[in-house]
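Okay, final07.txt now, which holds compact mmCIF, C-alpha atoms:
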# COMPACT_ATOMS: atom_id res chain seq x y z
CA MET A 159 20.18 24.28 19.61
CA SER A 160 23.01 26.79 20.13
CA ILE A 161 26.29 25.98 18.46
CA LYS A 162 29.78 26.78 19.73
CA GLN A 163 32.39 26.74 16.96
CA THR A 164 36.14 26.37 17.33
CA ALA A 165 38.91 26.41 14.80
CA ASN A 166 38.95 22.64 14.57
CA ASN A 167 35.41 21.39 15.08
CA VAL A 168 31.80 22.19 15.87
CA THR A 169 30.28 20.85 19.10
CA PRO A 170 26.66 21.27 20.26
CA ILE A 171 26.56 23.19 23.54
CA GLY A 172 25.51 21.00 26.47
CA VAL A 173 26.60 17.75 24.75
CA VAL A 174 29.41 15.90 26.53
CA ALA A 175 31.78 14.05 24.23
CA HIS A 176 32.18 10.38 25.21
CA ARG A 177 35.70 9.23 25.97
CA PRO A 178 36.71 6.06 24.20
CA ARG A 179 36.80 3.05 26.50
CA SER A 180 40.26 1.92 27.58
CA PRO A 181 41.56 -1.16 25.72
CA LEU A 182 40.63 -4.45 27.32
CA LEU A 183 43.16 -6.11 29.58
CA PRO A 184 44.53 -9.38 28.17
CA ARG A 185 42.09 -11.54 30.16
CA GLU A 186 39.25 -9.03 30.44
CA LEU A 187 35.92 -9.72 28.74
CA SER A 188 34.10 -7.14 26.66
CA GLU A 189 30.63 -6.08 27.79
CA ARG A 190 29.03 -8.24 25.13
CA GLU A 191 31.17 -11.29 25.91
CA LEU A 192 30.57 -10.94 29.64
CA ALA A 193 26.80 -10.66 29.25
CA LEU A 194 26.70 -13.64 26.88
CA PHE A 195 28.76 -15.94 29.09
CA ILE A 196 26.96 -15.00 32.30
CA SER A 197 23.58 -15.65 30.67
CA VAL A 198 24.43 -19.35 30.17
CA SER A 199 26.76 -19.99 33.12
CA GLU A 200 26.49 -21.66 36.50
CA ARG A 201 27.11 -19.17 39.34
CA ARG A 202 29.42 -20.45 42.08
CA GLU A 203 30.61 -18.94 45.36
CA VAL A 204 33.99 -20.03 46.78
CA SER A 205 35.70 -19.32 50.10
CA PRO A 206 39.21 -17.94 50.67
CA GLY A 207 41.78 -20.69 50.19
CA GLU A 208 39.40 -22.97 48.27
CA VAL A 209 41.07 -24.83 45.36
CA ILE A 210 39.20 -24.51 42.06
CA PHE A 211 41.44 -27.02 40.25
CA ARG A 212 44.92 -28.47 40.60
CA ARG A 213 47.85 -28.65 38.24
CA GLY A 214 47.81 -31.89 36.22
CA GLU A 215 44.03 -32.34 36.32
CA LEU A 216 42.07 -32.66 33.07
CA GLY A 217 40.08 -29.49 32.53
CA ARG A 218 36.51 -29.34 31.24
CA SER A 219 35.39 -25.82 32.22
CA MET A 220 36.23 -22.13 31.84
CA PHE A 221 35.73 -19.71 34.73
CA ILE A 222 34.82 -16.01 34.89
CA VAL A 223 35.38 -13.94 38.05
CA GLU A 224 32.42 -11.74 39.02
CA SER A 225 33.91 -10.50 42.30
CA GLY A 226 36.88 -11.45 44.41
CA GLN A 227 40.21 -12.78 43.19
CA ILE A 228 41.78 -16.06 42.00
CA ARG A 229 45.51 -16.87 42.12
CA LEU A 230 47.02 -19.14 39.43
CA GLU A 231 50.07 -20.96 40.84
CA PHE A 232 52.30 -22.34 38.04
CA GLY A 233 55.22 -23.55 40.15
CA ASP A 234 58.65 -24.40 38.67
CA GLY A 235 59.92 -20.94 39.59
CA MET A 236 57.32 -19.16 37.47
CA PRO A 237 55.43 -16.19 38.95
CA ASP A 238 51.82 -16.53 40.05
CA LYS A 239 49.03 -14.65 38.25
CA LEU A 240 46.06 -12.90 39.87
CA ILE A 241 42.68 -13.04 38.12
CA GLY A 242 40.16 -10.34 39.08
CA PRO A 243 36.61 -9.25 38.23
CA ARG A 244 35.54 -9.51 34.54
CA GLU A 245 38.55 -11.70 33.82
CA PHE A 246 38.51 -15.37 32.74
CA PHE A 247 40.76 -18.41 33.16
CA GLY A 248 40.83 -22.10 32.27
CA GLU A 249 39.61 -21.38 28.72
CA LEU A 250 42.13 -23.62 26.95
CA THR A 251 40.11 -26.78 27.64
CA LEU A 252 37.19 -25.36 25.61
CA PHE A 253 39.46 -24.87 22.59
CA ILE A 254 41.39 -28.16 22.47
CA GLY A 255 39.39 -30.46 24.79
CA ASP A 256 40.46 -32.33 27.95
CA HIS A 257 43.48 -30.07 28.47
CA THR A 258 45.78 -30.82 31.40
CA ARG A 259 45.76 -27.88 33.80
CA VAL A 260 49.18 -26.21 34.03
CA ALA A 261 48.55 -24.39 37.32
CA ASN A 262 46.69 -24.55 40.61
CA ALA A 263 43.75 -22.14 40.85
CA VAL A 264 43.07 -20.93 44.41
CA ALA A 265 40.64 -18.29 45.71
CA THR A 266 42.52 -15.57 47.63
CA THR A 267 39.30 -13.94 48.92
CA SER A 268 35.60 -14.75 49.01
CA THR A 269 34.91 -15.01 45.29
CA VAL A 270 31.89 -15.27 43.03
CA MET A 271 32.56 -17.07 39.76
CA HIS A 272 30.65 -18.19 36.69
CA VAL A 273 31.40 -21.63 35.22
CA ILE A 274 31.13 -22.33 31.47
CA GLU A 275 31.01 -26.03 30.58
CA GLN A 276 32.15 -27.55 27.26
CA GLN A 277 28.64 -28.38 26.02
CA THR A 278 27.41 -24.87 26.83
CA TYR A 279 30.35 -23.37 24.95
CA ASP A 280 29.65 -25.59 21.92
CA ARG A 281 26.06 -24.33 21.82
CA LEU A 282 27.29 -20.73 21.90
CA LEU A 283 29.46 -21.47 18.87
CA ASP A 284 26.26 -22.27 17.01
CA THR A 285 24.23 -19.30 18.24
CA GLU A 286 26.87 -16.55 18.59
CA PRO A 287 29.76 -17.47 16.22
CA ARG A 288 30.96 -13.89 15.69
CA VAL A 289 31.24 -13.09 19.38
CA LEU A 290 32.97 -16.40 20.07
CA ALA A 291 35.35 -16.02 17.12
CA GLN A 292 36.44 -12.59 18.40
CA PHE A 293 36.86 -13.96 21.93
CA MET A 294 38.93 -16.91 20.69
CA ARG A 295 41.23 -14.81 18.52
CA ARG A 296 42.06 -12.48 21.44
CA SER A 297 42.52 -15.47 23.74
CA PHE A 298 44.81 -17.27 21.30
CA ALA A 299 46.94 -14.16 20.77
CA TYR A 300 47.34 -13.70 24.52
CA LEU A 301 48.01 -17.36 25.22
CA VAL A 302 50.56 -17.73 22.42
CA ALA A 303 52.39 -14.59 23.55
CA SER A 304 52.38 -15.79 27.17
CA GLU A 305 53.67 -19.24 26.29
CA GLN A 306 56.45 -17.79 24.12
CA GLN A 307 57.60 -15.57 26.99
CA LEU A 308 57.59 -18.51 29.40
CA ILE A 309 59.53 -20.74 27.04
CA ALA A 310 62.10 -18.00 26.41
CA SER A 311 62.64 -17.57 30.15
CA LEU A 312 63.19 -21.26 30.89
CA LYS A 313 66.55 -23.03 30.53
CA ARG A 314 64.80 -26.26 29.71
CA ARG A 315 61.65 -26.71 27.65
CA ASN A 316 58.69 -27.86 29.61
CA GLU A 317 56.81 -30.60 27.82
CA ASP A 318 53.35 -29.47 28.83
CA LEU A 319 54.06 -25.96 27.52
CA LEU A 320 55.24 -27.33 24.20
CA VAL A 321 52.05 -29.35 23.80
CA THR A 322 49.98 -26.28 24.60
CA LEU A 323 51.93 -24.06 22.22
CA ASP A 324 51.73 -26.61 19.41
CA SER A 325 47.97 -26.98 19.87
CA LEU A 326 47.50 -23.21 19.85
CA ARG A 327 49.57 -22.75 16.70
CA GLN A 328 47.61 -25.46 14.93
CA THR A 329 44.37 -23.85 16.02
CA GLN A 330 45.43 -20.36 14.88
CA THR A 331 46.51 -21.51 11.43
CA GLN A 332 43.29 -23.47 10.89
CA LEU A 333 40.90 -20.89 12.32
CA SER A 334 39.68 -19.38 9.04
CA THR A 335 36.03 -19.42 10.09
CA ALA A 336 34.10 -20.23 13.25
CA GLN A 337 32.24 -22.95 11.38
CA ARG A 338 35.46 -24.86 10.69
CA LEU A 339 36.42 -24.73 14.35
CA VAL A 340 32.98 -26.00 15.37
CA GLN A 341 33.11 -29.12 13.19
CA THR A 342 36.79 -30.15 13.12
CA ASP A 343 39.03 -31.73 15.75
CA GLU A 344 42.22 -29.68 15.47
CA LEU A 345 44.62 -32.39 16.64
CA THR A 346 43.53 -35.24 14.36
CA GLY A 347 41.71 -33.47 11.52
CA LEU A 348 38.66 -35.71 12.00
CA CYS A 349 35.18 -34.37 12.64
CA ASN A 350 34.36 -33.60 16.25
CA ARG A 351 30.99 -33.99 17.95
CA ARG A 352 29.58 -30.88 16.28
CA GLY A 353 30.63 -32.20 12.87
CA LEU A 354 28.98 -35.51 13.74
CA TYR A 355 25.70 -33.82 14.65
CA THR A 356 25.73 -31.89 11.37
CA PHE A 357 26.36 -35.15 9.49
CA LEU A 358 23.47 -36.85 11.29
CA GLU A 359 21.11 -34.04 10.28
CA GLN A 360 21.92 -34.75 6.62
CA LEU A 361 22.24 -38.54 6.90
CA ALA A 362 18.86 -39.35 5.37
CA ASN A 363 19.97 -37.75 2.10
CA ALA A 364 23.25 -39.68 2.06
CA ARG A 365 21.95 -43.22 2.63
CA LEU A 366 23.02 -45.87 0.12
CA ASP A 367 20.56 -48.47 -1.17
CA GLY A 368 21.18 -52.01 0.06
CA THR A 369 23.15 -50.98 3.15
CA GLU A 370 22.58 -50.88 6.89
CA LEU A 371 23.82 -48.22 9.25
CA GLY A 372 26.55 -49.36 11.63
CA LEU A 373 28.39 -47.69 14.50
CA LEU A 374 31.83 -48.50 15.88
CA LEU A 375 33.01 -46.86 19.13
CA ILE A 376 36.79 -47.06 19.50
CA ASP A 377 38.58 -46.39 22.79
CA ILE A 378 42.36 -46.48 23.34
CA ASP A 379 43.39 -48.96 26.03
CA ARG A 380 45.22 -47.48 29.03
CA PHE A 381 45.79 -44.12 27.35
CA LYS A 382 46.59 -42.35 30.62
CA GLN A 383 49.48 -44.77 31.17
CA ILE A 384 50.80 -43.88 27.71
CA ASN A 385 50.82 -40.19 28.62
CA ASP A 386 52.39 -40.89 32.02
CA ARG A 387 55.12 -43.10 30.59
CA CYS A 388 55.95 -41.39 27.31
CA GLY A 389 54.64 -37.84 27.70
CA HIS A 390 51.90 -35.83 26.03
CA LEU A 391 53.80 -35.33 22.78
CA ILE A 392 53.82 -39.09 22.21
CA GLY A 393 50.22 -39.22 23.42
CA ASP A 394 49.26 -36.77 20.69
CA GLN A 395 51.15 -38.86 18.12
CA VAL A 396 49.18 -41.91 19.23
CA LEU A 397 45.88 -40.05 18.85
CA ARG A 398 46.80 -38.87 15.35
CA ALA A 399 48.00 -42.33 14.31
CA ILE A 400 44.81 -44.04 15.48
CA ALA A 401 42.73 -41.33 13.80
CA GLU A 402 44.49 -42.24 10.53
CA GLU A 403 43.63 -45.92 10.99
CA VAL A 404 39.97 -45.10 11.70
CA GLN A 405 39.99 -42.91 8.59
CA SER A 406 41.54 -45.75 6.56
CA ALA A 407 38.74 -48.11 7.61
CA ALA A 408 36.09 -45.64 6.42
CA SER A 409 34.56 -45.57 2.95
CA PRO A 410 33.69 -42.25 1.21
CA CYS A 411 30.12 -42.38 2.54
CA ASP A 412 31.21 -42.97 6.16
CA LEU A 413 32.02 -40.52 8.94
CA PRO A 414 35.09 -41.09 11.15
CA CYS A 415 35.24 -38.71 14.09
CA ARG A 416 36.94 -38.03 17.41
CA LEU A 417 34.32 -37.74 20.13
CA GLY A 418 36.81 -36.36 22.63
CA GLY A 419 39.81 -37.50 24.66
CA ASP A 420 40.83 -40.98 23.50
CA GLU A 421 37.40 -41.97 22.12
CA PHE A 422 36.70 -42.24 18.40
CA ALA A 423 33.66 -43.29 16.38
CA LEU A 424 33.02 -44.57 12.88
CA LEU A 425 29.48 -44.22 11.55
CA THR A 426 29.44 -46.48 8.53
CA GLN A 427 27.13 -47.89 5.87
CA VAL A 428 27.71 -51.63 5.51
CA THR A 429 26.08 -54.62 3.87
CA GLY A 430 25.59 -56.38 7.21
CA ALA A 431 27.07 -57.61 10.47
CA GLU A 432 29.92 -59.47 8.75
CA GLU A 433 31.25 -56.32 7.08
CA LEU A 434 30.85 -54.37 10.32
CA ALA A 435 32.98 -56.94 12.17
CA SER A 436 35.54 -56.78 9.36
CA ARG A 437 35.89 -53.02 9.85
CA ALA A 438 36.50 -53.56 13.57
CA GLU A 439 39.12 -56.25 12.89
CA GLN A 440 40.86 -53.99 10.37
CA ILE A 441 41.24 -51.18 12.92
CA ILE A 442 42.40 -53.50 15.72
CA SER A 443 45.06 -55.16 13.52
CA ALA A 444 46.33 -51.84 12.18
CA VAL A 445 46.63 -50.33 15.67
CA ARG A 446 48.51 -53.36 16.99
CA ALA A 447 51.11 -52.81 14.26
CA LEU A 448 51.80 -49.19 15.23
CA ARG A 449 55.26 -48.44 16.65
CA PHE A 450 56.67 -45.21 18.11
CA PRO A 451 60.49 -45.04 18.03
CA ALA A 452 60.54 -42.14 20.48
CA CYS A 453 59.07 -44.41 23.17
CA THR A 454 60.78 -47.80 23.04
CA GLY A 455 58.59 -50.84 23.56
CA LEU A 456 55.31 -48.93 23.42
CA GLN A 457 52.51 -51.11 22.05
CA ILE A 458 49.04 -49.72 21.41
CA SER A 459 45.68 -51.48 21.44
CA VAL A 460 42.06 -50.41 21.27
CA SER A 461 38.70 -51.70 22.44
CA ILE A 462 35.74 -51.52 20.04
CA GLY A 463 32.00 -51.85 20.46
CA ALA A 464 30.09 -52.34 17.20
CA GLN A 465 26.45 -52.69 16.29
CA LEU A 466 23.97 -52.24 13.46
CA CYS A 467 21.75 -49.27 14.25
CA GLU A 468 17.96 -49.13 14.24
CA GLU A 469 17.32 -46.24 11.88
CA ALA A 470 14.10 -45.34 13.68
CA ALA A 471 16.17 -44.57 16.80
CA ASP A 472 18.47 -41.58 17.33
CA TRP A 473 22.14 -41.00 18.07
CA ALA A 474 21.72 -41.09 21.86
CA ILE A 475 20.32 -44.64 21.72
CA TRP A 476 22.91 -45.82 19.18
CA TYR A 477 25.70 -44.44 21.33
CA SER A 478 24.36 -45.83 24.62
CA GLU A 479 23.87 -49.35 23.28
CA THR A 480 27.24 -49.46 21.50
CA ASP A 481 29.00 -48.01 24.54
CA CYS A 482 27.77 -50.96 26.60
CA LEU A 483 29.39 -53.33 24.10
CA LEU A 484 32.61 -51.31 24.25
CA TYR A 485 32.81 -51.56 28.03
CA GLU A 486 32.29 -55.30 27.90
CA VAL A 487 35.54 -55.42 25.93
CA LYS A 488 37.19 -53.05 28.42
CA GLY A 489 36.09 -55.33 31.25
CA ARG A 490 37.86 -58.27 29.58
CA GLY A 491 41.13 -56.35 29.38
CA GLY A 492 40.67 -54.58 26.03
CA ASP A 493 42.41 -55.25 22.71
CA GLY A 494 39.35 -56.65 20.95
CA TYR A 495 35.82 -55.94 19.80
CA ARG A 496 32.27 -56.91 20.70
CA THR A 497 29.27 -56.89 18.40
CA GLN A 498 25.60 -57.20 19.27
CA ASP A 499 24.21 -60.74 19.48
Rendering of file as structure tokens:
Amino acid sequence: MSIKQTANNVTPIGVVAHRPRSPLLPRELSERELALFISVSERREVSPGEVIFRRGELGRSMFIVESGQIRLEFGDGMPDKLIGPREFFGELTLFIGDHTRVANAVATTSTVMHVIEQQTYDRLLDTEPRVLAQFMRRSFAYLVASEQQLIASLKRRNEDLLVTLDSLRQTQTQLSTAQRLVQTDELTGLCNRRGLYTFLEQLANARLDGTELGLLLIDIDRFKQINDRCGHLIGDQVLRAIAEEVQSAASPCDLPCRLGGDEFALLTQVTGAEELASRAEQIISAVRALRFPACTGLQISVSIGAQLCEEAADWAIWYSETDCLLYEVKGRGGDGYRTQD
């Protein structure tokens, strides 16, 4: 091959030097991220003016725009944002779970989107942790910067923004590895569903002689009313306080976890039904005694379903059967527990 030499470098004749790709826009996906998400997503077509979600709704999905355009309407005097092809929105719910949407999302043109659900995202954390860790770090940096700018521009602090910013800061400081994020609930410090599944895989090696396996499902009574009356900051305090009581009722061989939203579980090794009922009573009494000075008169209660588990069965059966007991308590007004007959 002929060579053309200059004072600074040597370049083969006929070879075109590749220009480096422009830096990604704040909400733009890399080629690898885009291909990964699209491969596991649900494709959805929306019409102009169609509402994807509304402000105040609980979010459970992230969206990627393939073609068209989405407008995010924040209200309260804040400017709208336009989301175009290769860009994503609604991702915060995948990071902190059941996040309240802070804007309306409306299609401005005929738009093709891809929807990523929470369970799908959790599976990607297992199979592609490096790609997801890079995506999350860029997302957190953008979201934190955006929230700081919004807070600085407002004369009064918006409660929803403070909750979001606090959750993001906690997540950033604790995100040392993708594995930690997969298995830990950032708000309460308990295991999340992924941590539970890992524990179940190793449970056979951790069984204690002379014990039975028991499951308690704990659900906060009227939690939405707590958020509506006292705000999300108090709601988060309630979640953390109840997590501490579930943790206190656990022995070293047990697993307390937050399954999501206001639902907790305690997988425990007990000597029998009497000890299992005692654990439930301990949690109920401790929660009744909780007080929150920032919200006068607030009293908290929980409903609990509890049963001894057939070890030949799996988690899905344990959960389904115990959940039925839990909702019997809910149907009676809550603030109590129900064990299997």
Find the residues around A:Phe195 up to 9 Å (all atoms listed in the file counted), leave out those fewer than 3 positions away in its own chain, and share them as an mmCIF file with C-alpha atoms, in the frame of the given file.
data_model
loop_
_atom_site.group_PDB
_atom_site.id
_atom_site.type_symbol
_atom_site.label_atom_id
_atom_site.label_comp_id
_atom_site.auth_asym_id
_atom_site.auth_seq_id
_atom_site.Cartn_x
_atom_site.Cartn_y
_atom_site.Cartn_z
ATOM 1 C CA ARG A 190 29.030 -8.240 25.130
ATOM 2 C CA GLU A 191 31.170 -11.290 25.910
ATOM 3 C CA LEU A 192 30.570 -10.940 29.640
ATOM 4 C CA VAL A 198 24.430 -19.350 30.170
ATOM 5 C CA SER A 199 26.760 -19.990 33.120
ATOM 6 C CA ILE A 222 34.820 -16.010 34.890
ATOM 7 C CA HIS A 272 30.650 -18.190 36.690
ATOM 8 C CA VAL A 273 31.400 -21.630 35.220
ATOM 9 C CA ILE A 274 31.130 -22.330 31.470
ATOM 10 C CA TYR A 279 30.350 -23.370 24.950
ATOM 11 C CA LEU A 282 27.290 -20.730 21.900
#
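The space between atom CA of A:Leu366 and atom CA of A:Thr426 spans 10.6 Å.
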Item to complete: Write out as a PyMOL selection string the residues lying within 12 Å of A:Gly491, counting only C-alpha atoms and excluding same-chain residues fewer than 4 positions away.
Response: chain A and resi 378-380+459-462+484-487+495
Worksheet, complete the sentence: In Å and to one decimal, atom CA of A:Pro414 is distant from atom CA of A:Thr454 by 29.1 Å
Discussion item. Please compute the atom CA of A:Asp256-atom CA of A:Ser219 distance, one decimal, in Å.
Written reply: 9.3 Å
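Contact shell of A:Ile442 at 10 Å (all atoms listed in the file; same-chain neighbours under 4 positions omitted): Ile376, Ile400, Glu403, Val404, Ser436, Arg437, Ala438, Arg446, Ala447, Ile458, Ser459, Val460, Ser461, Ile462, Asp493, Gly494 and Tyr495 of chain A.
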